[in-house]
file target_14.cif (mmCIF, C-alpha atoms)
data_work
#
loop_
_atom_site.label_atom_id
_atom_site.label_comp_id
_atom_site.auth_asym_id
_atom_site.auth_seq_id
_atom_site.Cartn_x
_atom_site.Cartn_y
_atom_site.Cartn_z
CA MET C 1 -10.07 -66.48 52.58
CA LEU C 2 -13.01 -68.00 50.75
CA SER C 3 -14.50 -66.86 47.44
CA ARG C 4 -17.33 -68.23 45.35
CA CYS C 5 -17.32 -68.57 41.59
CA SER C 6 -20.17 -69.86 39.41
CA VAL C 7 -19.92 -70.64 35.70
CA TYR C 8 -22.81 -71.75 33.48
CA ALA C 9 -23.08 -73.28 30.07
CA LYS C 10 -26.28 -72.75 28.15
CA ASN C 11 -25.79 -75.36 25.50
CA SER C 12 -24.63 -78.19 27.76
CA SER C 13 -26.88 -77.17 30.68
CA ILE C 14 -23.97 -77.17 33.08
CA CYS C 15 -23.98 -75.31 36.37
CA CYS C 16 -20.63 -75.05 38.03
CA SER C 17 -20.56 -73.66 41.51
CA HIS C 18 -17.54 -73.86 43.74
CA ILE C 19 -15.67 -72.00 46.45
CA PHE C 20 -11.98 -71.27 46.36
CA ARG C 21 -9.69 -71.09 49.36
CA GLU C 22 -6.35 -69.37 49.63
CA VAL C 23 -3.68 -71.47 51.37
CA ASN C 24 -0.13 -70.22 51.66
CA GLY C 25 -0.57 -67.83 48.79
CA LYS C 26 -2.15 -70.50 46.56
CA ILE C 27 -5.79 -70.69 45.51
CA LEU C 28 -7.30 -74.20 45.94
CA PRO C 29 -10.89 -75.36 45.37
CA ALA C 30 -12.75 -76.06 48.59
CA ARG C 31 -15.97 -77.60 47.17
CA SER C 32 -16.80 -80.05 44.39
CA TYR C 33 -18.43 -79.04 41.07
CA HIS C 34 -22.02 -80.03 40.31
CA VAL C 35 -23.80 -80.52 37.02
CA LEU C 36 -27.36 -79.28 36.82
CA SER C 37 -29.76 -80.30 34.12
CA ALA C 38 -32.23 -77.44 33.76
CA SER C 39 -34.34 -78.94 31.05
CA VAL C 40 -38.03 -78.51 31.63
CA GLY C 41 -39.80 -81.65 32.73
CA GLN C 42 -36.62 -83.51 33.57
CA LYS C 43 -35.22 -84.50 36.90
CA GLU C 44 -32.43 -82.72 38.42
CA HIS C 45 -29.17 -84.71 38.32
CA ARG C 46 -26.03 -84.00 40.16
CA ARG C 47 -22.67 -85.36 39.51
CA SER C 48 -19.50 -84.65 41.29
CA LEU C 49 -16.80 -83.45 38.95
CA GLY C 50 -14.03 -83.66 41.44
CA ARG C 51 -11.43 -81.05 41.95
CA HIS C 52 -10.76 -80.35 38.31
CA PRO C 53 -9.92 -76.91 36.91
CA ALA C 54 -12.80 -74.73 35.92
CA ILE C 55 -14.42 -75.84 32.67
CA PRO C 56 -14.60 -73.09 30.03
CA VAL C 57 -18.14 -72.41 28.93
CA ALA C 58 -19.78 -70.49 26.05
CA SER C 59 -22.61 -68.64 27.81
CA VAL C 60 -24.46 -68.40 31.09
CA MET C 61 -27.73 -70.36 31.50
CA ALA C 62 -28.53 -70.82 35.20
CA LEU C 63 -27.02 -70.43 38.64
CA ARG C 64 -27.61 -72.24 41.91
CA HIS C 65 -25.81 -71.19 45.04
CA ALA C 66 -24.44 -73.86 47.33
CA SER C 67 -26.02 -72.20 50.33
CA GLY C 68 -29.54 -72.04 48.86
CA GLY C 69 -31.83 -74.06 46.66
CA LYS C 70 -33.13 -71.23 44.42
CA VAL C 71 -32.14 -71.41 40.77
CA THR C 72 -31.67 -68.16 38.80
CA THR C 73 -32.11 -68.63 35.08
CA VAL C 74 -30.95 -66.50 32.16
CA ALA C 75 -34.52 -65.42 31.47
CA ASP C 76 -34.69 -63.87 34.97
CA VAL C 77 -31.54 -61.83 34.41
CA MET C 78 -31.92 -61.05 30.69
CA PRO C 79 -35.49 -61.54 29.46
CA GLU C 80 -34.59 -60.94 25.82
CA ILE C 81 -31.20 -61.36 24.23
CA PRO C 82 -30.64 -58.63 21.67
CA SER C 83 -29.79 -59.76 18.21
CA ILE C 84 -26.58 -58.56 16.65
CA ALA C 85 -26.97 -56.96 13.26
CA ALA C 86 -25.00 -58.30 10.39
CA ILE C 87 -21.61 -56.63 9.95
CA PRO C 88 -21.57 -54.74 6.68
CA ASP C 89 -18.94 -55.36 4.10
CA ALA C 90 -15.85 -53.19 4.14
CA PRO C 91 -16.09 -50.21 1.78
CA ALA C 92 -14.17 -50.26 -1.44
CA VAL C 93 -10.78 -48.63 -1.48
CA PRO C 94 -11.11 -45.21 -3.16
CA ALA C 95 -9.23 -44.65 -6.32
CA ALA C 96 -6.12 -42.51 -6.13
CA PRO C 97 -6.74 -38.89 -7.23
CA ALA C 98 -5.48 -37.89 -10.60
CA VAL C 99 -2.18 -36.05 -10.40
CA ALA C 100 -1.84 -33.05 -12.67
CA PRO C 101 1.05 -33.34 -15.04
CA VAL C 102 4.11 -31.42 -13.96
CA ASP C 103 5.83 -29.27 -16.51
CA VAL C 104 9.41 -30.24 -16.77
CA LEU C 105 11.67 -27.43 -17.88
CA ALA C 106 14.38 -28.14 -20.31
CA GLU C 107 17.90 -27.51 -19.24
CA GLY C 108 18.61 -23.74 -19.23
CA ALA C 109 14.93 -22.79 -19.64
CA GLU C 110 13.12 -20.35 -17.32
CA PRO C 111 9.57 -20.52 -15.94
CA THR C 112 7.09 -18.10 -17.44
CA PHE C 113 6.04 -15.03 -15.47
CA GLU C 114 2.46 -16.29 -15.48
CA SER C 115 3.49 -19.48 -13.65
CA ILE C 116 5.06 -17.47 -10.79
CA GLY C 117 2.24 -14.94 -10.47
CA LEU C 118 3.68 -12.08 -12.53
CA GLY C 119 2.47 -10.32 -15.65
CA GLY C 120 -1.13 -9.47 -16.53
CA TRP C 121 -2.88 -6.57 -18.22
CA SER C 122 -2.49 -3.97 -15.50
CA PRO C 123 0.15 -1.24 -16.03
CA VAL C 124 2.53 -3.11 -13.74
CA GLY C 125 1.80 -6.43 -15.47
CA MET C 126 2.36 -4.99 -18.95
CA VAL C 127 5.74 -3.62 -17.87
CA GLN C 128 6.68 -7.09 -16.62
CA GLN C 129 5.49 -8.75 -19.82
CA CYS C 130 7.52 -6.38 -21.98
CA MET C 131 10.62 -7.07 -19.91
CA GLU C 132 10.00 -10.82 -20.16
CA TYR C 133 9.75 -10.57 -23.95
CA LEU C 134 13.00 -8.63 -24.21
CA HIS C 135 14.82 -11.08 -21.92
CA ILE C 136 13.43 -14.36 -23.32
CA GLY C 137 12.77 -13.42 -26.94
CA LEU C 138 15.89 -11.36 -27.59
CA ASP C 139 18.15 -13.02 -25.01
CA ILE C 140 19.14 -9.72 -23.39
CA PRO C 141 20.48 -9.70 -19.82
CA TRP C 142 18.28 -8.14 -17.19
CA TRP C 143 20.38 -5.00 -16.73
CA GLY C 144 20.13 -4.38 -20.48
CA VAL C 145 16.38 -5.00 -20.40
CA ILE C 146 15.95 -2.39 -17.67
CA ALA C 147 18.12 0.13 -19.52
CA ILE C 148 16.27 -0.40 -22.83
CA GLY C 149 12.89 -0.08 -21.12
CA THR C 150 13.96 3.20 -19.51
CA VAL C 151 15.19 4.63 -22.84
CA VAL C 152 11.96 3.64 -24.61
CA VAL C 153 9.73 5.21 -21.95
CA ARG C 154 11.72 8.45 -21.80
CA THR C 155 11.67 8.65 -25.59
CA LEU C 156 7.87 8.38 -25.60
CA ILE C 157 7.47 11.35 -23.25
CA PHE C 158 10.11 13.46 -25.02
CA PRO C 159 7.44 15.49 -26.93
CA LEU C 160 6.01 16.52 -23.56
CA VAL C 161 9.48 17.63 -22.51
CA LEU C 162 9.63 19.89 -25.55
CA VAL C 163 6.25 21.44 -24.67
CA ALA C 164 7.40 22.13 -21.12
CA GLN C 165 10.73 23.58 -22.30
CA ARG C 166 9.01 25.98 -24.72
CA ASN C 167 6.66 27.19 -22.01
CA ALA C 168 9.48 27.57 -19.46
CA ALA C 169 11.57 29.60 -21.91
CA LYS C 170 8.67 32.01 -22.58
CA MET C 171 7.96 32.48 -18.89
CA ASN C 172 11.63 33.16 -18.21
CA ASN C 173 11.90 35.73 -21.02
CA HIS C 174 8.77 37.63 -19.85
CA LEU C 175 9.67 37.40 -16.20
CA PRO C 176 9.92 41.20 -15.51
CA GLN C 177 6.36 41.86 -16.75
CA LEU C 178 5.03 38.91 -14.76
CA GLN C 179 6.74 40.09 -11.60
CA VAL C 180 5.27 43.59 -11.94
CA LEU C 181 1.77 42.17 -12.16
CA GLN C 182 2.46 39.82 -9.27
CA MET C 183 3.64 42.67 -7.05
CA LYS C 184 0.57 44.79 -7.84
CA MET C 185 -1.76 41.89 -7.18
CA SER C 186 -0.02 41.12 -3.85
CA GLU C 187 -0.21 44.75 -2.70
CA ALA C 188 -3.89 44.96 -3.56
CA ARG C 189 -4.59 41.70 -1.71
CA GLN C 190 -2.67 42.82 1.37
CA SER C 191 -4.50 46.15 1.49
CA GLY C 192 -7.83 44.36 1.33
CA ASN C 193 -8.79 45.75 -2.06
CA GLN C 194 -10.35 42.68 -3.60
CA ILE C 195 -11.48 44.54 -6.73
CA GLU C 196 -7.96 45.68 -7.61
CA SER C 197 -6.57 42.24 -6.81
CA ALA C 198 -9.08 40.59 -9.14
CA ARG C 199 -8.36 43.15 -11.86
CA TYR C 200 -4.61 42.50 -11.76
CA ALA C 201 -5.20 38.76 -11.73
CA GLN C 202 -7.35 39.07 -14.84
CA GLU C 203 -4.71 41.24 -16.46
CA MET C 204 -2.02 38.64 -15.75
CA MET C 205 -4.13 35.84 -17.21
CA GLN C 206 -4.70 37.89 -20.38
CA PHE C 207 -0.98 38.65 -20.65
CA MET C 208 -0.04 34.96 -20.40
CA LYS C 209 -2.72 34.08 -22.94
CA ASP C 210 -1.33 36.62 -25.43
CA LYS C 211 2.21 35.28 -24.96
CA GLU C 212 1.02 31.62 -25.12
CA MET C 213 2.18 30.81 -21.60
CA ASN C 214 0.60 28.58 -19.00
CA PRO C 215 2.15 27.66 -15.63
CA LEU C 216 0.39 24.29 -15.72
CA LYS C 217 2.39 23.22 -18.77
CA ASN C 218 5.45 23.00 -16.55
CA MET C 219 3.73 20.16 -14.67
CA ILE C 220 3.10 18.02 -17.78
CA VAL C 221 6.33 16.04 -17.52
CA PRO C 222 6.08 15.20 -13.78
CA LEU C 223 2.43 14.21 -14.15
CA ALA C 224 3.20 11.98 -17.15
CA GLN C 225 6.31 10.46 -15.63
CA ALA C 226 4.78 9.66 -12.24
CA PRO C 227 2.56 6.71 -13.35
CA LEU C 228 5.39 5.31 -15.47
CA PHE C 229 7.83 5.50 -12.59
CA ILE C 230 5.34 3.83 -10.23
CA SER C 231 4.66 1.05 -12.74
CA PHE C 232 8.36 0.32 -13.21
CA PHE C 233 8.99 0.56 -9.48
CA MET C 234 6.23 -1.91 -8.53
CA GLY C 235 6.98 -4.21 -11.46
CA LEU C 236 10.67 -4.52 -10.66
CA ARG C 237 9.94 -4.92 -6.96
CA GLY C 238 7.53 -7.77 -7.71
CA MET C 239 10.09 -9.46 -9.95
CA ALA C 240 12.76 -9.15 -7.23
CA ASN C 241 10.45 -10.47 -4.50
CA ALA C 242 9.11 -13.43 -6.54
CA PRO C 243 12.04 -13.87 -7.21
CA VAL C 244 12.88 -14.34 -10.87
CA ALA C 245 15.76 -16.80 -10.62
CA SER C 246 17.67 -15.43 -13.60
CA MET C 247 17.77 -11.94 -12.06
CA ARG C 248 20.17 -13.22 -9.43
CA GLU C 249 22.84 -13.29 -12.11
CA GLY C 250 21.47 -10.58 -14.39
CA GLY C 251 23.35 -7.62 -12.96
CA LEU C 252 26.46 -5.81 -14.02
CA PHE C 253 29.84 -5.01 -12.50
CA TRP C 254 29.57 -5.18 -8.70
CA PHE C 255 25.77 -5.60 -8.51
CA THR C 256 25.36 -9.00 -10.16
CA ASP C 257 22.31 -9.93 -8.07
CA LEU C 258 19.40 -7.61 -8.95
CA THR C 259 17.04 -9.10 -6.35
CA VAL C 260 18.93 -7.74 -3.32
CA CYS C 261 20.18 -4.31 -2.29
CA ASP C 262 23.60 -3.10 -3.31
CA PRO C 263 26.08 -4.46 -0.72
CA PHE C 264 28.48 -1.54 -1.35
CA TYR C 265 25.76 1.20 -1.35
CA LEU C 266 27.17 2.62 -4.57
CA LEU C 267 23.90 2.52 -6.51
CA PRO C 268 21.97 4.60 -3.91
CA ILE C 269 24.77 7.17 -3.83
CA LEU C 270 24.93 7.25 -7.63
CA THR C 271 21.17 7.73 -7.84
CA SER C 272 21.18 10.64 -5.38
CA ALA C 273 24.19 12.26 -7.06
CA THR C 274 22.65 12.16 -10.54
CA MET C 275 19.40 13.55 -9.16
CA TYR C 276 21.26 16.47 -7.57
CA LEU C 277 23.09 17.22 -10.83
CA THR C 278 19.82 17.20 -12.72
CA ILE C 279 18.32 19.72 -10.29
CA GLU C 280 21.34 22.01 -10.57
CA MET C 281 21.50 21.90 -14.36
CA GLY C 282 17.76 22.15 -14.81
CA THR C 283 14.88 19.70 -14.88
CA ASP C 284 13.09 18.45 -17.97
CA ALA C 285 10.32 20.99 -17.41
CA ALA C 286 11.99 24.24 -16.37
CA LYS C 287 15.25 25.87 -15.48
CA LEU C 288 15.31 26.15 -11.71
CA SER C 289 17.88 28.93 -11.71
CA SER C 290 15.15 31.36 -12.76
CA GLN C 291 13.96 33.90 -10.23
CA ASN C 292 10.47 32.45 -10.03
CA MET C 293 11.76 28.97 -9.09
CA GLN C 294 13.99 29.80 -6.13
CA THR C 295 11.77 28.28 -3.44
CA MET C 296 11.23 25.06 -5.38
CA ARG C 297 14.93 24.86 -6.05
CA TYR C 298 15.75 24.90 -2.33
CA VAL C 299 13.21 22.16 -1.69
CA LEU C 300 14.45 19.95 -4.53
CA ARG C 301 18.06 20.35 -3.45
CA ALA C 302 17.27 18.61 -0.17
CA LEU C 303 15.37 15.78 -1.87
CA PRO C 304 18.43 13.61 -2.81
CA LEU C 305 19.66 13.65 0.78
CA VAL C 306 16.22 12.88 2.18
CA ILE C 307 15.62 9.80 0.01
CA LEU C 308 19.13 8.35 0.44
CA PRO C 309 18.39 6.45 3.72
CA PHE C 310 15.37 4.81 2.05
CA THR C 311 17.01 3.85 -1.24
CA VAL C 312 19.78 1.83 0.43
CA ASN C 313 17.25 -0.95 1.09
CA PHE C 314 15.83 -1.04 -2.45
CA PRO C 315 16.68 -3.99 -4.72
CA ALA C 316 19.39 -3.31 -7.25
CA ALA C 317 16.88 -3.69 -10.11
CA ILE C 318 14.92 -0.61 -8.95
CA LEU C 319 18.04 1.49 -8.45
CA THR C 320 19.30 0.46 -11.89
CA TYR C 321 16.13 1.85 -13.46
CA TRP C 322 16.27 4.99 -11.32
CA ALA C 323 19.94 5.70 -12.12
CA CYS C 324 19.32 5.14 -15.85
CA SER C 325 16.37 7.57 -15.75
CA ASN C 326 18.53 10.23 -14.05
CA PHE C 327 21.31 9.79 -16.62
CA ILE C 328 18.79 10.21 -19.44
CA SER C 329 17.52 13.41 -17.80
CA LEU C 330 21.07 14.77 -17.66
CA VAL C 331 21.58 13.93 -21.33
CA GLN C 332 18.30 15.60 -22.31
CA VAL C 333 19.04 18.76 -20.34
CA GLY C 334 22.51 19.06 -21.84
CA PHE C 335 21.20 18.26 -25.31
CA LEU C 336 18.45 20.89 -25.15
CA ARG C 337 20.90 23.60 -24.10
CA ILE C 338 22.62 23.49 -27.48
CA PRO C 339 21.45 26.56 -29.53
CA ARG C 340 21.03 24.63 -32.78
CA VAL C 341 18.94 22.01 -31.05
CA ARG C 342 16.75 24.70 -29.48
CA ASN C 343 16.23 26.35 -32.85
CA TYR C 344 15.35 23.01 -34.43
CA PHE C 345 12.71 22.28 -31.81
CA ARG C 346 11.46 25.92 -31.84
CA ILE C 347 12.47 26.65 -28.26
CA ASP C 348 13.14 30.33 -27.55
CA PRO C 349 16.66 31.13 -26.35
CA LEU C 350 16.84 31.98 -22.67
CA VAL C 351 17.26 35.63 -21.75
CA THR C 352 19.40 36.35 -18.70
CA HIS C 353 17.88 39.13 -16.57
CA LYS C 354 20.05 41.17 -14.30
CA ALA C 355 19.02 41.41 -10.68
CA GLU C 356 18.80 45.24 -10.84
CA VAL C 357 16.28 45.13 -13.68
CA LEU C 358 13.86 42.73 -12.01
CA PRO C 359 11.16 44.33 -9.82
CA MET C 360 11.39 41.51 -7.30
CA LYS C 361 14.87 41.34 -5.84
CA LYS C 362 16.56 38.07 -5.18
CA LYS C 363 16.02 36.82 -1.66
CA GLY C 364 17.74 34.26 0.43
CA PHE C 365 16.08 31.13 1.67
CA VAL C 366 15.39 32.47 5.17
CA LYS C 367 14.19 35.85 3.88
CA GLY C 368 11.91 34.16 1.41
CA LEU C 369 10.37 32.02 4.17
CA GLN C 370 9.84 35.11 6.34
CA ASP C 371 8.10 36.99 3.53
CA SER C 372 5.94 33.99 2.74
CA TRP C 373 4.93 33.69 6.40
CA THR C 374 4.11 37.42 6.55
CA ASN C 375 1.97 37.19 3.43
CA MET C 376 0.14 34.20 4.89
CA LYS C 377 -0.59 36.11 8.11
CA ILE C 378 -1.89 39.14 6.21
CA THR C 379 -4.08 36.98 4.03
CA ARG C 380 -5.48 35.18 7.06
CA GLU C 381 -6.24 38.47 8.83
CA LEU C 382 -8.03 39.81 5.76
CA GLU C 383 -10.10 36.68 5.51
CA GLU C 384 -10.97 36.89 9.21
CA ARG C 385 -11.97 40.52 8.84
CA LYS C 386 -14.16 39.69 5.87
CA ARG C 387 -15.81 36.87 7.81
CA ILE C 388 -16.56 39.17 10.75
CA ASP C 389 -18.07 41.79 8.41
CA GLU C 390 -20.33 39.15 6.87
CA ILE C 391 -21.51 38.00 10.32
CA SER C 392 -22.19 41.58 11.41
CA PHE C 393 -24.12 42.32 8.23
CA GLN C 394 -26.19 39.15 8.67
CA ARG C 395 -27.02 40.01 12.28
CA ALA C 396 -27.98 43.55 11.33
CA GLY C 397 -30.37 42.25 8.68
CA GLN C 398 -32.02 39.62 10.89
CA GLY C 399 -31.93 41.28 14.34
CA PRO C 400 -33.81 44.30 15.70
CA ILE C 401 -33.14 47.72 14.23
CA VAL C 402 -30.49 49.59 16.16
CA LYS C 403 -31.54 53.15 17.04
CA THR C 404 -28.85 55.57 15.83
CA TYR C 405 -30.88 58.86 16.06
CA LYS C 406 -32.49 60.89 18.84
CA TYR C 407 -35.86 61.42 17.18
CA ASP C 408 -37.66 59.18 14.69
CA PRO C 409 -37.72 61.12 11.37
CA THR C 410 -40.84 59.28 10.23
CA LYS C 411 -42.86 60.72 13.10
CA PRO C 412 -43.73 64.40 13.81
CA ARG C 413 -41.49 66.01 16.34
CA PRO C 414 -42.92 67.61 19.51
CA PRO C 415 -43.55 71.41 19.18
CA ASN C 416 -41.45 72.22 22.23
CA ALA C 417 -38.40 70.62 20.60
CA VAL C 418 -38.91 72.68 17.39
CA ALA C 419 -39.24 75.93 19.36
CA ALA C 420 -36.14 75.12 21.36
CA LYS C 421 -34.21 74.52 18.18
CA LYS C 422 -35.27 77.92 16.71
CA ARG C 423 -34.05 79.78 19.78
#
call {"tool": "encode", "arguments": {"input": "target_14.cif", "output": "structure tokens"}}
result
Amino acid sequence: MLSRCSVYAKNSSICCSHIFREVNGKILPARSYHVLSASVGQKEHRRSLGRHPAIPVASVMALRHASGGKVTTVADVMPEIPSIAAIPDAPAVPAAPAVAPVDVLAEGAEPTFESIGLGGWSPVGMVQQCMEYLHIGLDIPWWGVIAIGTVVVRTLIFPLVLVAQRNAAKMNNHLPQLQVLQMKMSEARQSGNQIESARYAQEMMQFMKDKEMNPLKNMIVPLAQAPLFISFFMGLRGMANAPVASMREGGLFWFTDLTVCDPFYLLPILTSATMYLTIEMGTDAAKLSSQNMQTMRYVLRALPLVILPFTVNFPAAILTYWACSNFISLVQVGFLRIPRVRNYFRIDPLVTHKAEVLPMKKKGFVKGLQDSWTNMKITRELEERKRIDEISFQRAGQGPIVKTYKYDPTKPRPPNAVAAKKR
């Protein structure tokens, strides 16, 4: 097998052209090398180079094939050799970025709430800041901080508890008169007599005004306590989720870690039990054993059992606050039942009414639901009847006049009809 290889040197004006031959797996040159002087105006010289290895060259200048006499120069192949731009200098090594100084905590110190994303001036943030001050400034364990915070908050709303208790005592003592007016108003509403119903409603409002009673005052304590409870709930949940490292050892007794749920489920059970006792003894706003609170009492009795499956997954910090709040409610209810305490705070003593004296007899839970459903049906039927009457009246006013007489009284009657009537 023959192959041709040509190598050219521009600077030395060398043209090397030779053919290789493969013999027994080895490649051997089969033709001598020639040197070609391609300088303009000079003679062409050839010199045999023998069978030496190929001479390395720097660049290609010209080529002449052994089989032909034509010479191909570099200018024919590449008319213009592009110039290579100068290689720019390497860029300077950028300076290392400045590293912010890292705060190093002393041994036993705790990071601030601000550094872990807690605190602030929102209601939740202010609760967290107050707890941080009590824990860091006064060196109080976290369970004590939660208990102190609960006592302080419940003490602040204690005047509202007194207002609700005074109002509840007056409503309980005047319950027979209120029930009489309620029965009259319900009967008038069921019979469709809106005038009588409005009159009895006005009479009831005047009676409560004279006796300084208002049903809305019983809702003061729940409305005031709701935002406080939500703030504590979200604040403690944020502290447990962060988590605050010191809260992992800030518990008490069996719940030493306040960032996780109670492993023995005793705190959820304790919370539900204290809530049930508070409902049975009486809330901060009213005594639920009164006749006018029977339906609400049945609903609130089921509340501790309903929330129990949800509270088992709450962190121990939240349940600690909740249990403390329930214990304070129990203490307040028992404290305000003492006669001397009631006299000191100008709360009227509760009058116990016998069931025979009350106009509205005591009903069971099922009977009360049936009566409520019946009253709702009657009210809905009355409203539907009123709506139909309004539609009929509107159609009668806008539509054509309906003829309800035999002869038009505005027109003279025929004489035959008058004569027939006289006969």
call {"tool": "resolve_selection", "arguments": {"input": "target_14.cif", "expression": "the PyMOL selection byres ((chain C and resi 382) around 12)", "output": "list in words"}}
result
Ala188, Arg189, Gln190, Ser191, Gly192, Asn193, Gln194, Asn375, Met376, Lys377, Ile378, Thr379, Arg380, Glu381, Glu383, Glu384, Arg385, Lys386, Arg387, Ile388 and Asp389 of chain C
call {"tool": "closest_atom_pairs", "arguments": {"input": "target_14.cif", "of": "segment 93-179 of chain C", "to": "segment 225-245 of chain C", "cutoff": "8 Å", "atoms": "only C-alpha atoms", "output": "tab-separated table"}}
result
residue	atom	partner	partner_atom	distance
C:Ile116	CA	C:Ala242	CA	7.1
C:Leu118	CA	C:Met239	CA	7.4
C:Pro123	CA	C:Ser231	CA	6.0
C:Val124	CA	C:Ser231	CA	4.8
C:Gly125	CA	C:Gly235	CA	6.9
C:Val127	CA	C:Gly235	CA	6.6
C:Gln128	CA	C:Gly235	CA	5.9
C:Val153	CA	C:Leu228	CA	7.8
C:Ile157	CA	C:Gln225	CA	7.8
call {"tool": "resolve_selection", "arguments": {"input": "target_14.cif", "expression": "the PyMOL selection byres ((chain C and resi 266) around 12)", "output": "list in words"}}
result
Phe253, Trp254, Phe255, Cys261, Asp262, Pro263, Phe264, Tyr265, Leu267, Pro268, Ile269, Leu270, Thr271, Ser272, Ala273, Leu308, Thr311, Val312, Asn313, Ala316, Leu319, Thr320 and Ala323 of chain C
call {"tool": "residues_near_point", "arguments": {"input": "target_14.cif", "point": "(13.0, 44.7, -12.2)", "cutoff": "9 Å", "atoms": "all atoms listed in the file", "output": "ChimeraX atom specification"}}
result
/C:175-177,179-180,353-361
call {"tool": "atom_distance", "arguments": {"input": "target_14.cif", "atom1": "atom CA of Gly334 of chain C", "atom2": "atom CA of Phe158 of chain C"}}
result
14.0 Å
call {"tool": "residues_around", "arguments": {"input": "target_14.cif", "residues": "Arg166 of chain C", "least_positions_apart": "6", "cutoff": "8 Å", "atoms": "only C-alpha atoms", "output": "PyMOL selection string"}}
result
chain C and resi 346-348
call {"tool": "closest_atom_pairs", "arguments": {"input": "target_14.cif", "of": "segment 139-166 of chain C", "to": "segment 209-221 of chain C", "cutoff": "12 Å", "atoms": "only C-alpha atoms", "output": "Markdown table"}}
result
| residue | atom | partner | partner_atom | distance |
| --- | --- | --- | --- | --- |
| C:Arg154 | CA | C:Val221 | CA | 10.2 |
| C:Leu156 | CA | C:Val221 | CA | 11.2 |
| C:Ile157 | CA | C:Val221 | CA | 7.5 |
| C:Phe158 | CA | C:Val221 | CA | 8.8 |
| C:Pro159 | CA | C:Val221 | CA | 9.5 |
| C:Leu160 | CA | C:Val221 | CA | 6.1 |
| C:Val161 | CA | C:Val221 | CA | 6.1 |
| C:Leu162 | CA | C:Val221 | CA | 9.5 |
| C:Val163 | CA | C:Lys217 | CA | 7.3 |
| C:Ala164 | CA | C:Asn218 | CA | 5.0 |
| C:Gln165 | CA | C:Asn218 | CA | 7.8 |
| C:Arg166 | CA | C:Met213 | CA | 8.9 |
call {"tool": "closest_residue", "arguments": {"input": "target_14.cif", "among": "C:Arg248, C:Arg301, C:Lys367, C:Arg199", "to": "Trp143 of chain C", "atoms": "only C-alpha atoms"}}
result
C:Arg248
call {"tool": "atom_distance", "arguments": {"input": "target_14.cif", "atom1": "atom CA of Gln182 of chain C", "atom2": "atom CA of Asp371 of chain C"}}
result
14.3 Å
call {"tool": "atom_distance", "arguments": {"input": "target_14.cif", "atom1": "atom CA of Phe113 of chain C", "atom2": "atom CA of Met247 of chain C"}}
result
12.6 Å
call {"tool": "residues_around", "arguments": {"input": "target_14.cif", "residues": "segment 135-141 of chain C", "least_positions_apart": "3", "cutoff": "6 Å", "atoms": "all atoms listed in the file", "output": "list in words"}}
result
Glu132, Gly144 and Gly250 of chain C
